[in-house]
Amino acid sequence: LVRITSRPIINQQFALHQQKMTDRSRSPSSASSHSSHSTESEPLFRYQRLRGPSLPRGPSDESSSTSPQPSSSSSSSSALIPSVSLSCSTSSKTFLVLGCESGKVEVCDFNGRQCLKTLQCKSSVRCLSLDAGGNTLLACDDKGTSYIFDLRWVVNPHSSSPSKGDGGTVNQPPMSEESTLTTLTYTSPMTAAVIDPSYFKKREKTHIVGLEDGRMVVTRRGWLGRRDSVAHQASGRIEALAWMGSLVAVADEAGVKIQNIETGERLAHVDRPKGAHSKLYDLGSIPCCLTFEAGRSILIGWGDCLMNLNMEDTKAGATCRWAWALDVVCAGVVPLDKTHVGVLGAVEEDGGVELQVIKRSDGTIKSCDFLPLQQRGDETTPASRYFLTSTYSVSRTSRNEEIGERQERGEVLLPSELGAEEDFERFDIMEGLDDDDDDNDEEDEEDEGADDDENDNSSNPSPSPNNPLNFDFTASTTVPPNPPVITVISPCDAIIVRPRDFDDKVDYAREEGDIDKCLARALKHRRLLRRNLITNVIEEFMVNKLKLNTVESVMRAASLAPMLLGADRELWEKYIYAFSKTPLGLSSFWDAVPVRDPRLPSSLYEMILERMLVLCEAIAPELETPFLQALRAWGNTKALRDYIEIYDEADGRKHLANRFTQTAAGYLQQTEASAQFLNHSSLSLPPPPQQRGPSLDSFSQKSESHDSLYSIASVKQRVAARNPPTRLTTLAMAELARQTSDLDAALHFYLTIGKDFSLPQDDSALSSVMNNELLIDSTANNFFVGFVETHELFQQLYEKPDSVVSFVRNMGLPQAARFFVDHGTTASIVKIFQNFQSSPKLQLWFLHIMFVHKTDIYIDPSMNRELHQRHIELLVDFQVSFVKKGRHKWSISGDKQSVETSGKFESPLMVLLRILLANANSVGVKGGDVRNLLASKTTKKGDLVLPRELAYVLQKTGASREDAFECVQLYLVNVNSVELAVLFAEDSTDQMRESLWEEIVTYSIKHELLGALLKAANLVRADLSVLVRQIPNNAVIEGLKDTLLEAIREFKTKVDLHVAAKVVIEEEESSLKEELYSLSRMGCRGDRVSVASLPQSVPQPKPKKRVTSMLGRSRVS
């Protein structure tokens, strides 16, 4: 026994709801609905007013609407108010039964256009109940009389050859009085009644009635007659009854009791909620709503309380799965699907009702529609006069019994209908909506949570990085169950409520202007669409995206075109012309054009290429890359294969794979493309899985030279007609020449691009040499370079006039440098050198590249000696120009080591002279010629421009005393470097050293450079004592003390190093001697061999002599 004394209150939307209730209007333009508001979620239902003899008369509501038709107080609509009030209702899975205050019972279809037949009771009908099959109807009036009607003609209409009505429901002739099987009377008026769900199948006919005096009477009728028994006695009137299998739920003023009708055992009791008292509301009596679900589960709605009890384990009693507080007074509750229930709530402030969709797991309101039902005048309808029925909440037997009964009637059941799940458990009212953000919520109870997670994951599986929504257009082929048909009944109105189907959801997305969502829903549920043709939705999508003409819209339409257009040639031709009108459309759409299935006419490919070329030259230069890619992708596959082998590009591999594997059917199975589309985040269509990473050898090479999708001759004629020629047309001509294997023509066009459409590289080349910035690109992959290397076009490249200059302009200095270094041979260097005659700067750049990176070949004796002489002349001329303009960055003084230490660099000529003069005999450079050339370069004042280089030449090639003194004077006077002069003096012969030192000292004393001289002498390890003796007395030397102290410290450091090295040597010598002595005392080990076994030719070993040492020990000598 479970008593619920407290319940969680989850009502976060109550304050917002109350505010909205005050603003609701009943005009047709503002039919109140939470979901109809522009900022609210999408509506879940469509509504239709029911018409019939006792119902509102007027023009029938043929069209469905997302919100119920509002009432009006005008006199023109007063005729819609029925003359007789409705008092109760019930429904089966195929028809609706309405009870009237006049005693009429009307059986209606769910289409709202006709009443099948009217039955008659003696007075106002209070209760209605149908058995599980809808064969038998129990009706009770307010006089204590119950009527049992036979409705088999509705369930099985073939007995009387009926005719079909407009709605597909049987339209029968008038029912005779024989349809009334039994009339029973009771001593007290009835407030509730329920008939046995298996009434029609059982011999003993049973029904239960609840009387106003609190008795629950069970009436059984068999072959012995009628037997009444009181199963329960309440202190007040019976509020409601519900029956499923052997379980009966009864509600009275104290609460809800559940008992076993067969054994009479009481299983559970739930106290009346505190919010279920009529004194709390101005709504009259508060009804209790009981509805059995599948698996012995019961929904209870009473006042502001909504709960669910589970009766699976009858021995343990009832288990409360969840209980939530409502912001309305419950007037009816029905199951909608596995995760949601529908609640009809009476609103006290507005005097109307709301149809709410509440999530079972957390009690949140997913949808709320206000229903402006018709009323008479200003009177308030009590909450107990509203009724909510559903085809998912009909009278129930066990699952197996229901399946057997349907099979007996000859119904064809689908495999999904034969399972253990009920229809409402397989139905999902949120399916097809893209804004359900509660997919991953968990239930409080373990079992319920597992069920909900399974249901949620079935519609929206966990996303993955490559597939955000894990969506597959071809995944679901399961036929969904029939959606529920819900009826809302008031005394003066009857509304049919149906969940919006997939056509409605597609139409809603279209009305909201979200064409992406419209297409996504149509594709996902295309097998279930009835009104919307998928081809029409695709056309709307493509037209809409082209009208927007934005980057995102056009790229999305282009990426989805292969999947949407499939193999329809007419559609492809139509949208190719549509996309070709804008540069944006062409740049996005060309890659989606099919190349194999279907293969389009060559004129279409030619038209696209010509249109891209014209737009690129006119207004859209960004189309250059797509145009060249299309030219290669649609040409012959042999040229495309060669392109990939030369320039390994992922796009090229994809295009080659498409030429052999692309099919329209493959795109229909592309799940990742559809997921990107639905996610609205990724704009490109990925290749099908079978197209990733193809091997170039996996495709047939048969007729690859003649399988171009366009006419190469026709395209070449159109491109050549463009006047004047541009860089793009020249590139296109080169590509077309390559398509026809005309390699010489292709090379000519590539060189023409460098000659006519590329910037000169001369000044950049000269600056790179003078600034020691020779760059070689070892990573970039250039197609032109690969083209020359693959087809071995070196001879054609080197021999054409100025071809190398055009090559450098086309490639750029770093890539051209890499090409020359990779293919630099003695013969090729000479040819390239001669080809550069028209550009001295590029010629110098090339020679210096070879000198730096190919030194071994450059100084080889077989190299042309004219090349070295030209190199020196070019460097002298351009270096002189740089020095005169003050643009040089190299150091003009100091030796090589000091220059590198300072972070600067030597002049390029100095670097060249060091190598050439060191190998003068092999390279044939004459020092006298270089000396005369350098000596001739002077300024206007007669000063030497390159004294450092001239002094170095004298130092290396001079042999006379005059050359030595001239070299010292150049270092001291022109270069202003005492260090270089001292270094030269120290390297001279002994006969010259003293004279040179006197010359240096004399110059230093005269120009007060003795401090610098001392430092330089210390650096070269000169004898400072000799230098100091030559300094005259009273000479002022700046920094003398610091210089001498530094020299003394260096001398002491040398002495310490010498002493330490001597100690280490002595220790090592001692250690080696000890090791040698130890080794000399060790014997050699060997195997024992008997003397007799030795061969005769082997000399016999002498017997070992025992020797006694001084210590008295015997040892073997």
# chains A, B, ... in the order shown; residues from 1 in each chain; ligands from 1

call {"tool": "select_by_dssp", "arguments": {"residues": "segment 816-897 of chain A", "states": "helix (DSSP H, G or I)", "output": "MDAnalysis selection string"}}
result
chainID A and resid 816:822 826:838 840:853 855:858 865:884 896:897

call {"tool": "atom_distance", "arguments": {"atom1": "atom CA of Arg152 of chain A", "atom2": "atom CA of Pro484 of chain A"}}
result
22.1 Å

call {"tool": "select_by_dssp", "arguments": {"residues": "segment 139-326 of chain A", "states": "strand (DSSP E)", "output": "ChimeraX atom specification"}}
result
/A:139-141,145-150,163-164,170-171,180-185,190-195,205-211,215-222,225-233,240-244,247-251,255-260,266-271,288-292,297-310,319-326

call {"tool": "write_last_selection", "arguments": {"atoms": "C-alpha atoms", "output": "compact mmCIF listing (two decimals), in the first residue's frame"}}
result
# COMPACT_ATOMS: atom_id res chain seq x y z
CA ALA A 139 -24.57 4.00 -21.52
CA CYS A 140 -26.01 5.24 -18.19
CA ASP A 141 -28.50 8.05 -17.65
CA THR A 145 -30.84 3.14 -15.93
CA SER A 146 -28.01 1.56 -17.90
CA TYR A 147 -28.22 0.54 -21.57
CA ILE A 148 -26.03 -1.94 -23.40
CA PHE A 149 -25.89 -1.46 -27.19
CA ASP A 150 -24.51 -3.78 -29.84
CA SER A 163 -21.51 1.97 -48.59
CA LYS A 164 -18.41 4.06 -48.00
CA VAL A 170 -18.96 2.93 -42.81
CA ASN A 171 -22.25 4.80 -43.27
CA THR A 180 -30.27 -2.38 -27.52
CA LEU A 181 -29.20 -5.65 -25.91
CA THR A 182 -30.00 -4.99 -22.25
CA THR A 183 -31.57 -2.33 -20.07
CA LEU A 184 -30.77 -2.42 -16.35
CA THR A 185 -31.95 -0.17 -13.55
CA MET A 190 -24.95 6.56 -11.54
CA THR A 191 -21.88 8.79 -11.49
CA ALA A 192 -19.41 6.44 -13.22
CA ALA A 193 -19.55 3.24 -15.20
CA VAL A 194 -17.18 0.89 -16.96
CA ILE A 195 -17.80 -2.22 -19.01
CA LYS A 205 -21.25 -10.34 -19.12
CA THR A 206 -19.90 -7.92 -16.52
CA HIS A 207 -19.95 -4.22 -15.99
CA ILE A 208 -19.35 -1.94 -13.01
CA VAL A 209 -21.27 1.18 -12.04
CA GLY A 210 -20.56 3.78 -9.39
CA LEU A 211 -23.54 5.27 -7.61
CA ARG A 215 -21.48 2.02 -3.78
CA MET A 216 -19.43 0.37 -6.54
CA VAL A 217 -21.73 -2.30 -7.90
CA VAL A 218 -20.44 -5.18 -10.03
CA THR A 219 -23.22 -6.55 -12.25
CA ARG A 220 -22.75 -9.98 -13.79
CA ARG A 221 -25.21 -11.55 -16.20
CA GLY A 222 -25.05 -15.19 -17.17
CA GLY A 225 -29.59 -14.20 -14.74
CA ARG A 226 -28.38 -10.93 -13.22
CA ARG A 227 -26.24 -10.84 -10.08
CA ASP A 228 -25.24 -7.57 -8.37
CA SER A 229 -22.50 -7.31 -5.75
CA VAL A 230 -21.04 -4.31 -3.93
CA ALA A 231 -17.28 -4.40 -4.41
CA HIS A 232 -16.61 -1.13 -2.60
CA GLN A 233 -18.47 1.26 -0.32
CA ALA A 240 -14.36 7.64 -11.70
CA LEU A 241 -13.82 4.03 -12.74
CA ALA A 242 -11.20 2.32 -14.95
CA TRP A 243 -10.78 -1.34 -15.85
CA MET A 244 -7.91 -3.26 -17.43
CA LEU A 247 -7.49 -4.59 -12.26
CA VAL A 248 -10.13 -2.01 -11.45
CA ALA A 249 -9.36 1.51 -10.25
CA VAL A 250 -12.05 3.47 -8.43
CA ALA A 251 -11.87 7.08 -7.26
CA GLY A 255 -8.72 8.85 -2.94
CA VAL A 256 -7.99 6.25 -5.59
CA LYS A 257 -8.18 2.54 -4.81
CA ILE A 258 -6.94 -0.27 -7.02
CA GLN A 259 -8.18 -3.81 -6.51
CA ASN A 260 -8.35 -7.17 -8.23
CA ARG A 266 -7.23 -4.52 -2.48
CA LEU A 267 -3.84 -3.68 -3.97
CA ALA A 268 -3.18 0.01 -3.46
CA HIS A 269 -4.64 3.25 -2.21
CA VAL A 270 -3.65 6.83 -3.10
CA ASP A 271 -4.91 9.69 -0.97
CA CYS A 288 -10.68 12.47 -11.23
CA CYS A 289 -9.23 11.09 -14.50
CA LEU A 290 -8.09 7.47 -14.59
CA THR A 291 -6.44 5.92 -17.65
CA PHE A 292 -4.77 2.53 -17.88
CA SER A 297 0.43 1.24 -15.62
CA ILE A 298 -2.20 3.80 -14.72
CA LEU A 299 -2.27 7.58 -15.22
CA ILE A 300 -4.07 9.61 -12.55
CA GLY A 301 -4.97 13.25 -13.03
CA TRP A 302 -6.80 14.93 -10.18
CA GLY A 303 -6.93 18.63 -9.50
CA ASP A 304 -3.42 20.02 -9.95
CA CYS A 305 -1.75 16.62 -9.51
CA LEU A 306 -0.55 14.29 -12.27
CA MET A 307 1.00 10.94 -11.38
CA ASN A 308 1.79 7.52 -12.78
CA LEU A 309 1.45 4.24 -10.85
CA ASN A 310 2.97 0.94 -11.86
CA THR A 319 4.91 1.94 -7.32
CA CYS A 320 4.76 5.66 -8.03
CA ARG A 321 7.03 6.33 -10.99
CA TRP A 322 6.56 10.07 -11.00
CA ALA A 323 4.19 12.77 -9.75
CA TRP A 324 4.09 16.39 -10.87
CA ALA A 325 2.09 19.46 -9.95
CA LEU A 326 0.20 21.19 -12.76

call {"tool": "residues_around", "arguments": {"residues": "Glu106 of chain A", "least_positions_apart": "5", "cutoff": "8 Å", "atoms": "only C-alpha atoms", "output": "PyMOL selection string"}}
result
chain A and resi 97-99+115-119

call {"tool": "atom_distance", "arguments": {"atom1": "atom CA of Glu212 of chain A", "atom2": "atom CA of Ala383 of chain A"}}
result
18.6 Å

call {"tool": "residues_around", "arguments": {"residues": "segment 532-543 of chain A", "least_positions_apart": "2", "cutoff": "7 Å", "atoms": "only C-alpha atoms", "output": "list in words"}}
result
Asp503, Ile515, Leu519, Ala522, Arg526, Leu529, Arg530, Lys545, Leu546, Lys547, Ala557 and Leu564 of chain A

call {"tool": "write_last_selection", "arguments": {"atoms": "all heavy atoms", "output": "mmCIF file, in the first residue's frame"}}
result
data_model
loop_
_atom_site.group_PDB
_atom_site.id
_atom_site.type_symbol
_atom_site.label_atom_id
_atom_site.label_comp_id
_atom_site.auth_asym_id
_atom_site.auth_seq_id
_atom_site.Cartn_x
_atom_site.Cartn_y
_atom_site.Cartn_z
ATOM 1 N N ASP A 503 3.948 15.802 -43.324
ATOM 2 C CA ASP A 503 3.601 16.832 -44.302
ATOM 3 C C ASP A 503 3.367 18.164 -43.611
ATOM 4 O O ASP A 503 3.770 19.217 -44.121
ATOM 5 C CB ASP A 503 2.349 16.409 -45.079
ATOM 6 C CG ASP A 503 2.635 15.344 -46.114
ATOM 7 O OD1 ASP A 503 3.214 15.686 -47.154
ATOM 8 O OD2 ASP A 503 2.304 14.176 -45.866
ATOM 9 N N ILE A 515 13.919 26.993 -45.446
ATOM 10 C CA ILE A 515 13.885 26.008 -46.522
ATOM 11 C C ILE A 515 14.859 24.872 -46.264
ATOM 12 O O ILE A 515 14.660 23.748 -46.729
ATOM 13 C CB ILE A 515 14.200 26.702 -47.871
ATOM 14 C CG1 ILE A 515 13.874 25.774 -49.044
ATOM 15 C CG2 ILE A 515 15.632 27.174 -47.903
ATOM 16 C CD1 ILE A 515 12.416 25.425 -49.153
ATOM 17 N N LEU A 519 13.629 21.006 -46.407
ATOM 18 C CA LEU A 519 14.226 19.945 -47.216
ATOM 19 C C LEU A 519 14.715 18.794 -46.348
ATOM 20 O O LEU A 519 14.551 17.619 -46.698
ATOM 21 C CB LEU A 519 15.383 20.516 -48.040
ATOM 22 C CG LEU A 519 16.162 19.502 -48.864
ATOM 23 C CD1 LEU A 519 15.273 18.878 -49.926
ATOM 24 C CD2 LEU A 519 17.385 20.152 -49.508
ATOM 25 N N ALA A 522 11.778 16.713 -45.332
ATOM 26 C CA ALA A 522 11.203 15.991 -46.461
ATOM 27 C C ALA A 522 12.073 14.807 -46.861
ATOM 28 O O ALA A 522 11.569 13.727 -47.168
ATOM 29 C CB ALA A 522 11.017 16.946 -47.645
ATOM 30 N N ARG A 526 10.783 11.031 -46.392
ATOM 31 C CA ARG A 526 10.212 11.077 -47.738
ATOM 32 C C ARG A 526 9.268 9.913 -48.002
ATOM 33 O O ARG A 526 8.351 10.030 -48.810
ATOM 34 C CB ARG A 526 11.340 11.083 -48.769
ATOM 35 C CG ARG A 526 12.215 9.844 -48.765
ATOM 36 C CD ARG A 526 13.416 10.018 -49.695
ATOM 37 N NE ARG A 526 14.250 8.835 -49.744
ATOM 38 C CZ ARG A 526 15.179 8.546 -48.861
ATOM 39 N NH1 ARG A 526 15.352 9.362 -47.826
ATOM 40 N NH2 ARG A 526 15.912 7.457 -48.974
ATOM 41 N N LEU A 529 5.627 10.946 -46.723
ATOM 42 C CA LEU A 529 4.955 12.144 -47.214
ATOM 43 C C LEU A 529 3.780 11.750 -48.111
ATOM 44 O O LEU A 529 3.852 10.777 -48.871
ATOM 45 C CB LEU A 529 5.927 13.032 -47.989
ATOM 46 C CG LEU A 529 7.110 13.605 -47.206
ATOM 47 C CD1 LEU A 529 7.972 14.464 -48.121
ATOM 48 C CD2 LEU A 529 6.637 14.417 -46.012
ATOM 49 N N ARG A 530 2.715 12.519 -48.008
ATOM 50 C CA ARG A 530 1.526 12.261 -48.822
ATOM 51 C C ARG A 530 1.176 13.467 -49.692
ATOM 52 O O ARG A 530 0.839 13.315 -50.856
ATOM 53 C CB ARG A 530 0.339 11.917 -47.905
ATOM 54 C CG ARG A 530 0.543 10.638 -47.096
ATOM 55 C CD ARG A 530 0.655 9.427 -47.999
ATOM 56 N NE ARG A 530 0.883 8.205 -47.251
ATOM 57 C CZ ARG A 530 2.063 7.687 -47.018
ATOM 58 N NH1 ARG A 530 3.157 8.300 -47.486
ATOM 59 N NH2 ARG A 530 2.206 6.572 -46.331
ATOM 60 N N LYS A 545 17.958 28.963 -52.694
ATOM 61 C CA LYS A 545 19.374 29.220 -52.459
ATOM 62 C C LYS A 545 19.981 30.081 -53.561
ATOM 63 O O LYS A 545 20.845 30.921 -53.303
ATOM 64 C CB LYS A 545 20.129 27.887 -52.352
ATOM 65 C CG LYS A 545 19.751 27.076 -51.124
ATOM 66 C CD LYS A 545 19.944 27.857 -49.854
ATOM 67 C CE LYS A 545 19.500 27.105 -48.630
ATOM 68 N NZ LYS A 545 19.610 27.910 -47.398
ATOM 69 N N LEU A 546 19.530 29.875 -54.780
ATOM 70 C CA LEU A 546 20.050 30.697 -55.868
ATOM 71 C C LEU A 546 19.560 32.132 -55.768
ATOM 72 O O LEU A 546 20.282 33.068 -56.123
ATOM 73 C CB LEU A 546 19.649 30.095 -57.211
ATOM 74 C CG LEU A 546 20.398 28.810 -57.615
ATOM 75 C CD1 LEU A 546 19.807 28.245 -58.890
ATOM 76 C CD2 LEU A 546 21.869 29.093 -57.788
ATOM 77 N N LYS A 547 18.346 32.327 -55.278
ATOM 78 C CA LYS A 547 17.838 33.693 -55.117
ATOM 79 C C LYS A 547 18.609 34.436 -54.033
ATOM 80 O O LYS A 547 18.874 35.634 -54.157
ATOM 81 C CB LYS A 547 16.345 33.654 -54.773
ATOM 82 C CG LYS A 547 15.443 33.350 -55.961
ATOM 83 C CD LYS A 547 13.973 33.427 -55.562
ATOM 84 C CE LYS A 547 13.064 33.180 -56.762
ATOM 85 N NZ LYS A 547 11.628 33.240 -56.377
ATOM 86 N N ALA A 557 23.762 24.629 -51.579
ATOM 87 C CA ALA A 557 23.003 24.043 -52.683
ATOM 88 C C ALA A 557 23.912 23.244 -53.605
ATOM 89 O O ALA A 557 23.547 22.159 -54.071
ATOM 90 C CB ALA A 557 22.294 25.153 -53.456
ATOM 91 N N LEU A 564 20.677 15.498 -54.443
ATOM 92 C CA LEU A 564 19.296 15.900 -54.709
ATOM 93 C C LEU A 564 18.895 15.671 -56.166
ATOM 94 O O LEU A 564 17.762 15.274 -56.440
ATOM 95 C CB LEU A 564 19.121 17.380 -54.357
ATOM 96 C CG LEU A 564 19.398 17.759 -52.900
ATOM 97 C CD1 LEU A 564 19.213 19.251 -52.700
ATOM 98 C CD2 LEU A 564 18.499 16.983 -51.946
#

call {"tool": "residues_around", "arguments": {"residues": "segment 573-588 of chain A", "least_positions_apart": "4", "cutoff": "8 Å", "atoms": "only C-alpha atoms", "output": "JSON, numbers by chain"}}
result
{"A": [546, 549, 550, 551, 554, 555, 558, 559, 569, 592, 604, 608, 611, 612, 615, 616, 620, 623, 626]}

call {"tool": "residues_around", "arguments": {"residues": "segment 863-876 of chain A", "least_positions_apart": "5", "cutoff": "9 Å", "atoms": "only C-alpha atoms", "output": "PyMOL selection string"}}
result
chain A and resi 770+826-827+829-830+833+840-841+843-844+847-848+857-858+881+908-909+912-913+916+923-925+930+933-934+937+946

call {"tool": "write_last_selection", "arguments": {"atoms": "C-alpha atoms", "output": "PDB file, in the first residue's frame"}}
result
ATOM      1  CA  MET A 770      74.700  41.308 -51.983  1.00  0.00           C
ATOM      2  CA  THR A 826      79.219  21.021 -65.512  1.00  0.00           C
ATOM      3  CA  ALA A 827      77.517  21.063 -68.894  1.00  0.00           C
ATOM      4  CA  ILE A 829      75.881  25.204 -65.640  1.00  0.00           C
ATOM      5  CA  VAL A 830      77.701  26.432 -68.714  1.00  0.00           C
ATOM      6  CA  PHE A 833      75.273  30.718 -67.785  1.00  0.00           C
ATOM      7  CA  PRO A 840      73.598  40.280 -65.896  1.00  0.00           C
ATOM      8  CA  LYS A 841      71.927  40.434 -62.502  1.00  0.00           C
ATOM      9  CA  GLN A 843      73.556  35.726 -64.350  1.00  0.00           C
ATOM     10  CA  LEU A 844      75.422  36.860 -61.222  1.00  0.00           C
ATOM     11  CA  LEU A 847      76.785  31.937 -60.643  1.00  0.00           C
ATOM     12  CA  HIS A 848      76.732  32.743 -56.953  1.00  0.00           C
ATOM     13  CA  ILE A 857      81.619  21.430 -59.430  1.00  0.00           C
ATOM     14  CA  TYR A 858      82.258  25.164 -59.570  1.00  0.00           C
ATOM     15  CA  SER A 881      77.804  50.247 -57.196  1.00  0.00           C
ATOM     16  CA  PRO A 908      80.409  38.269 -51.533  1.00  0.00           C
ATOM     17  CA  LEU A 909      83.511  39.175 -53.536  1.00  0.00           C
ATOM     18  CA  LEU A 912      84.623  34.294 -53.703  1.00  0.00           C
ATOM     19  CA  LEU A 913      88.284  35.443 -53.710  1.00  0.00           C
ATOM     20  CA  LEU A 916      89.276  31.076 -56.070  1.00  0.00           C
ATOM     21  CA  VAL A 923      90.373  27.555 -61.793  1.00  0.00           C
ATOM     22  CA  GLY A 924      92.910  29.623 -63.750  1.00  0.00           C
ATOM     23  CA  VAL A 925      92.299  32.939 -61.996  1.00  0.00           C
ATOM     24  CA  VAL A 930      92.201  40.747 -60.417  1.00  0.00           C
ATOM     25  CA  LEU A 933      90.644  45.290 -61.946  1.00  0.00           C
ATOM     26  CA  LEU A 934      90.300  46.217 -58.273  1.00  0.00           C
ATOM     27  CA  LYS A 937      87.790  51.004 -59.206  1.00  0.00           C
ATOM     28  CA  LEU A 946      87.336  47.960 -52.601  1.00  0.00           C
TER      29      LEU A 946
END

call {"tool": "atom_distance", "arguments": {"atom1": "atom CA of Thr663 of chain A", "atom2": "atom CA of Leu600 of chain A"}}
result
12.9 Å

call {"tool": "residues_around", "arguments": {"residues": "segment 758-764 of chain A", "least_positions_apart": "5", "cutoff": "8 Å", "atoms": "only C-alpha atoms", "output": "MDAnalysis selection string"}}
result
chainID A and resid 753 808:810 812:813 839 841:842

call {"tool": "write_last_selection", "arguments": {"atoms": "N, CA, C and O atoms", "output": "compact mmCIF listing (two decimals), in the first residue's frame"}}
result
# COMPACT_ATOMS: atom_id res chain seq x y z
N ILE A 753 54.24 32.63 -69.99
CA ILE A 753 53.67 33.20 -68.76
C ILE A 753 54.74 33.94 -67.98
O ILE A 753 54.53 35.05 -67.49
N VAL A 808 62.84 31.57 -64.54
CA VAL A 808 63.03 32.15 -63.20
C VAL A 808 61.88 33.08 -62.86
O VAL A 808 61.38 33.09 -61.72
N ARG A 809 61.42 33.86 -63.79
CA ARG A 809 60.30 34.77 -63.52
C ARG A 809 59.02 33.99 -63.21
O ARG A 809 58.23 34.40 -62.37
N ASN A 810 58.84 32.88 -63.89
CA ASN A 810 57.64 32.07 -63.66
C ASN A 810 57.70 31.37 -62.30
O ASN A 810 56.72 31.35 -61.56
N GLY A 812 59.93 31.97 -59.65
CA GLY A 812 60.39 32.69 -58.47
C GLY A 812 61.79 32.23 -58.11
O GLY A 812 62.23 31.12 -58.44
N LEU A 813 62.52 33.07 -57.39
CA LEU A 813 63.92 32.79 -57.10
C LEU A 813 64.13 31.54 -56.24
O LEU A 813 64.99 30.71 -56.57
N SER A 839 70.62 39.08 -69.06
CA SER A 839 70.30 39.60 -67.73
C SER A 839 71.51 39.42 -66.82
O SER A 839 71.67 38.37 -66.19
N LYS A 841 72.25 40.63 -63.92
CA LYS A 841 71.93 40.43 -62.50
C LYS A 841 71.53 39.00 -62.23
O LYS A 841 71.96 38.39 -61.23
N LEU A 842 70.68 38.43 -63.10
CA LEU A 842 70.30 37.04 -62.92
C LEU A 842 71.48 36.11 -63.18
O LEU A 842 71.60 35.05 -62.54

call {"tool": "closest_residue", "arguments": {"among": "A:Ala1061, A:Ala294, A:Val329, A:Ala935", "to": "Arg426 of chain A", "atoms": "only C-alpha atoms"}}
result
A:Ala294
